[in-house]
Structures are given as structure tokens and as C-alpha cells.
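Next comes entry-v2.pdb, with PDB, C-alpha atoms, pLDDT in the B column.
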ATOM      1  CA  MET C  89     102.045-192.093  -8.501  1.00 46.00           C
ATOM      2  CA  PHE C  90     105.680-191.272  -9.141  1.00 49.00           C
ATOM      3  CA  GLU C  91     105.318-191.417 -12.906  1.00 51.00           C
ATOM      4  CA  SER C  92     104.111-187.824 -12.939  1.00 56.00           C
ATOM      5  CA  LEU C  93     107.394-186.683 -11.377  1.00 60.00           C
ATOM      6  CA  ILE C  94     109.777-188.656 -13.560  1.00 60.00           C
ATOM      7  CA  GLY C  95     109.174-186.650 -16.745  1.00 62.00           C
ATOM      8  CA  PRO C  96     109.729-183.177 -15.241  1.00 70.00           C
ATOM      9  CA  VAL C  97     112.755-184.319 -13.215  1.00 66.00           C
ATOM     10  CA  ALA C  98     114.283-185.978 -16.271  1.00 65.00           C
ATOM     11  CA  ASP C  99     113.675-182.832 -18.335  1.00 69.00           C
ATOM     12  CA  LEU C 100     115.327-180.733 -15.643  1.00 71.00           C
ATOM     13  CA  ALA C 101     118.286-183.126 -15.576  1.00 67.00           C
ATOM     14  CA  GLY C 102     118.570-182.859 -19.345  1.00 66.00           C
ATOM     15  CA  ASP C 103     118.660-179.061 -19.120  1.00 70.00           C
ATOM     16  CA  VAL C 104     121.320-179.229 -16.410  1.00 70.00           C
ATOM     17  CA  LEU C 105     123.395-181.652 -18.486  1.00 66.00           C
ATOM     18  CA  LYS C 106     123.216-179.336 -21.486  1.00 66.00           C
ATOM     19  CA  ARG C 107     124.519-176.447 -19.388  1.00 69.00           C
ATOM     20  CA  VAL C 108     127.147-178.400 -17.440  1.00 68.00           C
ATOM     21  CA  LEU C 109     128.535-180.550 -20.228  1.00 65.00           C
ATOM     22  CA  PRO C 110     129.710-178.476 -23.207  1.00 64.00           C
ATOM     23  CA  ALA C 111     128.144-179.435 -26.504  1.00 61.00           C
ATOM     24  CA  GLU C 112     131.506-179.544 -28.285  1.00 62.00           C
ATOM     25  CA  LYS C 113     132.801-182.225 -25.891  1.00 68.00           C
ATOM     26  CA  MET C 114     129.793-184.532 -26.169  1.00 69.00           C
ATOM     27  CA  SER C 115     127.803-185.885 -29.074  1.00 75.00           C
ATOM     28  CA  GLU C 116     124.005-185.947 -29.054  1.00 75.00           C
ATOM     29  CA  SER C 117     124.011-189.750 -28.772  1.00 79.00           C
ATOM     30  CA  GLU C 118     126.279-189.578 -25.693  1.00 76.00           C
ATOM     31  CA  ARG C 119     124.055-186.933 -24.142  1.00 71.00           C
ATOM     32  CA  ALA C 120     120.941-189.003 -24.904  1.00 75.00           C
ATOM     33  CA  GLY C 121     122.625-192.027 -23.320  1.00 79.00           C
ATOM     34  CA  ILE C 122     123.348-190.084 -20.130  1.00 74.00           C
ATOM     35  CA  GLU C 123     119.789-188.755 -20.016  1.00 73.00           C
ATOM     36  CA  SER C 124     118.337-192.243 -20.482  1.00 79.00           C
ATOM     37  CA  GLN C 125     120.601-193.609 -17.722  1.00 81.00           C
ATOM     38  CA  PHE C 126     119.344-190.841 -15.441  1.00 74.00           C
ATOM     39  CA  LYS C 127     115.729-191.696 -16.248  1.00 76.00           C
ATOM     40  CA  LEU C 128     116.432-195.363 -15.495  1.00 81.00           C
ATOM     41  CA  ALA C 129     117.990-194.380 -12.150  1.00 79.00           C
ATOM     42  CA  LEU C 130     114.844-192.375 -11.291  1.00 76.00           C
ATOM     43  CA  LEU C 131     112.625-195.314 -12.188  1.00 79.00           C
ATOM     44  CA  ALA C 132     114.762-197.666 -10.090  1.00 81.00           C
ATOM     45  CA  ALA C 133     114.541-195.316  -7.097  1.00 77.00           C
ATOM     46  CA  ASP C 134     110.754-195.108  -7.440  1.00 77.00           C
ATOM     47  CA  ASP C 135     110.556-198.878  -7.751  1.00 81.00           C
ATOM     48  CA  ARG C 136     112.569-199.324  -4.538  1.00 81.00           C
ATOM     49  CA  LYS C 137     110.212-196.964  -2.695  1.00 79.00           C
ATOM     50  CA  LEU C 138     107.175-198.892  -3.907  1.00 80.00           C
ATOM     51  CA  GLN C 139     108.736-202.246  -3.031  1.00 83.00           C
ATOM     52  CA  THR C 140     109.514-201.010   0.481  1.00 79.00           C
ATOM     53  CA  ARG C 141     105.894-199.987   0.979  1.00 74.00           C
ATOM     54  CA  MET C 142     104.555-203.211  -0.450  1.00 79.00           C
ATOM     55  CA  SER C 143     106.879-205.448   1.601  1.00 79.00           C
ATOM     56  CA  ALA C 144     104.968-204.624   4.797  1.00 68.00           C
ATOM     57  CA  ILE C 145     101.646-205.493   3.151  1.00 71.00           C
ATOM     58  CA  VAL C 146     103.024-208.723   1.673  1.00 77.00           C
ATOM     59  CA  ALA C 147     104.575-209.727   5.016  1.00 72.00           C
ATOM     60  CA  GLU C 148     101.228-209.186   6.697  1.00 68.00           C
ATOM     61  CA  ALA C 149      99.420-211.258   4.070  1.00 69.00           C
ATOM     62  CA  LYS C 150     101.939-214.115   4.360  1.00 73.00           C
ATOM     63  CA  SER C 151     101.853-214.102   8.145  1.00 68.00           C
ATOM     64  CA  SER C 152     101.241-217.470   9.768  1.00 71.00           C
ATOM     65  CA  ASP C 153      99.035-215.721  12.326  1.00 66.00           C
ATOM     66  CA  PRO C 154      95.489-216.305  11.030  1.00 66.00           C
ATOM     67  CA  TRP C 155      94.175-213.123  12.673  1.00 62.00           C
ATOM     68  CA  THR C 156      96.736-210.969  10.900  1.00 59.00           C
ATOM     69  CA  SER C 157      96.257-212.431   7.438  1.00 60.00           C
ATOM     70  CA  ARG C 158      92.445-212.461   7.659  1.00 64.00           C
ATOM     71  CA  ALA C 159      91.750-209.120   9.314  1.00 63.00           C
ATOM     72  CA  ARG C 160      90.834-207.062   6.247  1.00 63.00           C
ATOM     73  CA  PRO C 161      88.822-209.768   4.432  1.00 72.00           C
ATOM     74  CA  SER C 162      86.930-210.462   7.683  1.00 75.00           C
ATOM     75  CA  MET C 163      85.878-206.834   7.824  1.00 73.00           C
ATOM     76  CA  LEU C 164      84.492-207.160   4.304  1.00 79.00           C
ATOM     77  CA  TYR C 165      82.502-210.235   5.354  1.00 83.00           C
ATOM     78  CA  VAL C 166      80.935-208.282   8.210  1.00 83.00           C
ATOM     79  CA  ILE C 167      79.829-205.586   5.768  1.00 84.00           C
ATOM     80  CA  TYR C 168      78.485-208.202   3.341  1.00 89.00           C
ATOM     81  CA  ILE C 169      76.461-209.864   6.128  1.00 90.00           C
ATOM     82  CA  MET C 170      74.985-206.512   7.114  1.00 84.00           C
ATOM     83  CA  ILE C 171      73.958-205.832   3.515  1.00 89.00           C
ATOM     84  CA  LEU C 172      72.493-209.311   3.040  1.00 91.00           C
ATOM     85  CA  TRP C 173      70.548-208.953   6.301  1.00 88.00           C
ATOM     86  CA  SER C 174      68.320-206.455   4.503  1.00 87.00           C
ATOM     87  CA  ILE C 175      66.692-209.313   2.534  1.00 90.00           C
ATOM     88  CA  PRO C 176      65.111-211.110   5.508  1.00 91.00           C
ATOM     89  CA  MET C 177      64.361-207.716   7.101  1.00 89.00           C
ATOM     90  CA  GLY C 178      62.333-206.844   4.011  1.00 88.00           C
ATOM     91  CA  ILE C 179      60.360-210.064   4.375  1.00 92.00           C
ATOM     92  CA  ILE C 180      59.830-209.492   8.114  1.00 92.00           C
ATOM     93  CA  SER C 181      58.706-205.947   7.345  1.00 90.00           C
ATOM     94  CA  ALA C 182      56.117-207.233   4.865  1.00 92.00           C
ATOM     95  CA  VAL C 183      54.741-209.753   7.359  1.00 93.00           C
ATOM     96  CA  SER C 184      55.007-207.739  10.586  1.00 93.00           C
ATOM     97  CA  PRO C 185      56.048-204.089  10.306  1.00 93.00           C
ATOM     98  CA  GLU C 186      56.098-203.709  14.113  1.00 94.00           C
ATOM     99  CA  THR C 187      58.560-206.584  14.505  1.00 94.00           C
ATOM    100  CA  ALA C 188      60.783-205.193  11.725  1.00 92.00           C
ATOM    101  CA  ALA C 189      60.715-201.751  13.363  1.00 93.00           C
ATOM    102  CA  ALA C 190      61.690-203.260  16.719  1.00 94.00           C
ATOM    103  CA  ILE C 191      64.557-205.235  15.135  1.00 92.00           C
ATOM    104  CA  ALA C 192      65.756-202.145  13.262  1.00 89.00           C
ATOM    105  CA  GLU C 193      65.613-200.069  16.447  1.00 93.00           C
ATOM    106  CA  GLY C 194      67.615-202.709  18.314  1.00 92.00           C
ATOM    107  CA  MET C 195      70.231-202.826  15.550  1.00 88.00           C
ATOM    108  CA  ARG C 196      70.434-199.028  15.465  1.00 90.00           C
ATOM    109  CA  ALA C 197      70.946-198.897  19.219  1.00 93.00           C
ATOM    110  CA  SER C 198      73.699-201.528  19.071  1.00 90.00           C
ATOM    111  CA  LEU C 199      75.462-199.756  16.196  1.00 87.00           C
ATOM    112  CA  ASP C 200      75.186-196.395  17.978  1.00 90.00           C
ATOM    113  CA  ALA C 201      76.974-197.988  20.948  1.00 93.00           C
ATOM    114  CA  ILE C 202      80.101-198.522  18.834  1.00 90.00           C
ATOM    115  CA  PRO C 203      82.609-195.728  19.574  1.00 93.00           C
ATOM    116  CA  GLU C 204      83.442-193.242  16.805  1.00 92.00           C
ATOM    117  CA  ALA C 205      87.129-194.197  17.031  1.00 93.00           C
ATOM    118  CA  LEU C 206      86.269-197.769  16.087  1.00 92.00           C
ATOM    119  CA  TRP C 207      84.290-196.581  13.047  1.00 89.00           C
ATOM    120  CA  ALA C 208      87.261-194.410  12.044  1.00 92.00           C
ATOM    121  CA  MET C 209      89.618-197.366  12.399  1.00 91.00           C
ATOM    122  CA  ALA C 210      87.317-199.504  10.247  1.00 86.00           C
ATOM    123  CA  GLY C 211      87.393-196.795   7.580  1.00 88.00           C
ATOM    124  CA  VAL C 212      91.195-196.686   7.656  1.00 90.00           C
ATOM    125  CA  VAL C 213      91.375-200.484   7.410  1.00 86.00           C
ATOM    126  CA  MET C 214      89.019-200.556   4.439  1.00 82.00           C
ATOM    127  CA  THR C 215      90.882-197.725   2.717  1.00 88.00           C
ATOM    128  CA  GLY C 216      94.177-199.545   3.225  1.00 85.00           C
ATOM    129  CA  TYR C 217      92.713-202.763   1.884  1.00 79.00           C
ATOM    130  CA  VAL C 218      91.355-201.077  -1.230  1.00 81.00           C
ATOM    131  CA  ALA C 219      94.616-199.197  -1.821  1.00 84.00           C
ATOM    132  CA  ALA C 220      96.726-202.334  -1.391  1.00 81.00           C
ATOM    133  CA  ARG C 221      94.529-204.297  -3.789  1.00 77.00           C
ATOM    134  CA  THR C 222      94.693-201.497  -6.347  1.00 80.00           C
ATOM    135  CA  VAL C 223      98.490-201.337  -6.191  1.00 81.00           C
ATOM    136  CA  ASP C 224      98.730-205.118  -6.377  1.00 76.00           C
ATOM    137  CA  LYS C 225      96.479-205.262  -9.436  1.00 74.00           C
ATOM    138  CA  ARG C 226      98.419-202.524 -11.214  1.00 78.00           C
ATOM    139  CA  ARG C 227     101.713-204.269 -10.555  1.00 78.00           C
ATOM    140  CA  ARG C 228     100.341-207.454 -12.131  1.00 73.00           C
ATOM    141  CA  GLU C 229      99.279-205.644 -15.319  1.00 64.00           C
TER     142      GLU C 229
END

Could you spell out this file's structure in C-alpha cells?
Amino acid sequence: MFESLIGPVADLAGDVLKRVLPAEKMSESERAGIESQFKLALLAADDRKLQTRMSAIVAEAKSSDPWTSRARPSMLYVIYIMILWSIPMGIISAVSPETAAAIAEGMRASLDAIPEALWAMAGVVMTGYVAARTVDKRRRE
């Protein structure tokens, strides 16, 4: 995420250094050393920002409260159960289409009763879960 900013900022810093520090007072190796130190400082700042963001997610995952540490995976299990429910519904539909239609209508009515705000919250939770897993996997690479 921040990698795309490091190059342009480092290039800008190099241009500023060339204008501020006279060439006759500094060798190219000294200038390159200063530029590399600046790039390292930018990387360290970006790393601190990422660690701050991740610390909240890690604290939540390590929480001794079972509801806190299991909230996002539990939501995934609910979705998995709903998907797997289609298998017996297919069988019921083959045996008794009227019964399958009645079950589907009942499920639709119960899902329609869920407020829009709750669906939005579920979407935010799932997005956060996916984003956290992606960041965690990239950090492990």
C-alpha cells in the first residue's frame, strides 16, 4: 500500500538534497548514503503505521473472550451452512417441489425480516476479515 509512495518521496528527497547540499561539499557516495538512510526512515515509518493497524486485529484475535476471537470465523460458518443447505433442498425439490417451494418461501421471509443495517454490518465484518487475512498472509511471505 505504502510502497507506491516510497519511490516518489525518495526521489523528491534526492532532488531536494542535490539542491540543498552543494555537490562540491559532498561526494556521490555520501549523497547516496544520505538518500538510502532517508529511504530506510520512510520504510520504518510505514512499518510503524502498519504495525499500529495490525495490533488491534492481533489483540482481538488473542482475546480470551471467546465471542471476540470467534466472531468473524463464526460468520463464515453461517454462510457455509447456508450454501450447504442447498444440497438437501435440491433433494427435497426433486421429491416434493411444493414442499421445497414452501421451505424456500419461509427462508426468504425470514431473511427479508433481517434489517438492512445488519446486512451492511455483516458485509463490513466480512470485508475486514478478508483484508486482515490478506495483510497477515503478505506479512508472512

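All residues of protein, DNA or RNA that reach within 9 Å of C:Ala188, judged by all atoms listed in the file and not counting those fewer than 5 positions away in the chain, are Met177, Gly178, Ile179, Ile180, Ser181, Ala182, Val183 and Glu193 of chain C.
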
If I take atom CA of C:Met209 and atom CA of C:Lys150, how far is one from the other in Å, to one decimal? 22.3 Å

Measure the distance from atom CA of C:Ser174 to atom CA of C:Met195 in Å and round it to one decimal. 11.8 Å

Please indicate the distance in Å from atom CA of C:Ile191 to atom CA of C:Pro203, rounded to one decimal place. 20.9 Å

Counting only C-alpha atoms, what is within 10 Å of C:Tyr217, bar same-chain residues fewer than 2 positions away, as a VMD selection string? chain C and resid 145 159 to 161 163 to 164 211 to 215 219 to 222

Find the axis-aligned box for stretch 170-188 of chain C, covering all its listed atoms and adding 4 Å on each side, and write its centre and edge lengths in Å to one decimal as lines of an AutoDock Vina configuration file.
center_x = 64.9
center_y = -207.4
center_z = 8.5
size_x = 28.2
size_y = 15.4
size_z = 20.0

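Minimum atom-to-atom distances from C:Val223, C:Leu100, C:Leu199, C:Ala147 to C:Lys127 were compared using only C-alpha atoms, and the lowest value belongs to C:Leu100.
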
Please determine, counting all atoms listed in the file, which residue among C:Val166, C:Ser117, C:Ile122, C:Val146 has the shortest atom-to-atom distance to C:Val104.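 Ranking C:Val166, C:Ser117, C:Ile122, C:Val146 by distance to C:Val104, first place goes to C:Ile122.
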
Nearest residue to C:Ala210 from the set C:Asp224, C:Ala190, C:Ser184, C:Ile167 (distances using all atoms listed in the file): C:Ile167

Of the candidates C:Ala197, C:Ala189, C:Ile175, C:Met142, which shows the shortest atom-to-atom distance to C:Gly216, using only C-alpha atoms? C:Met142
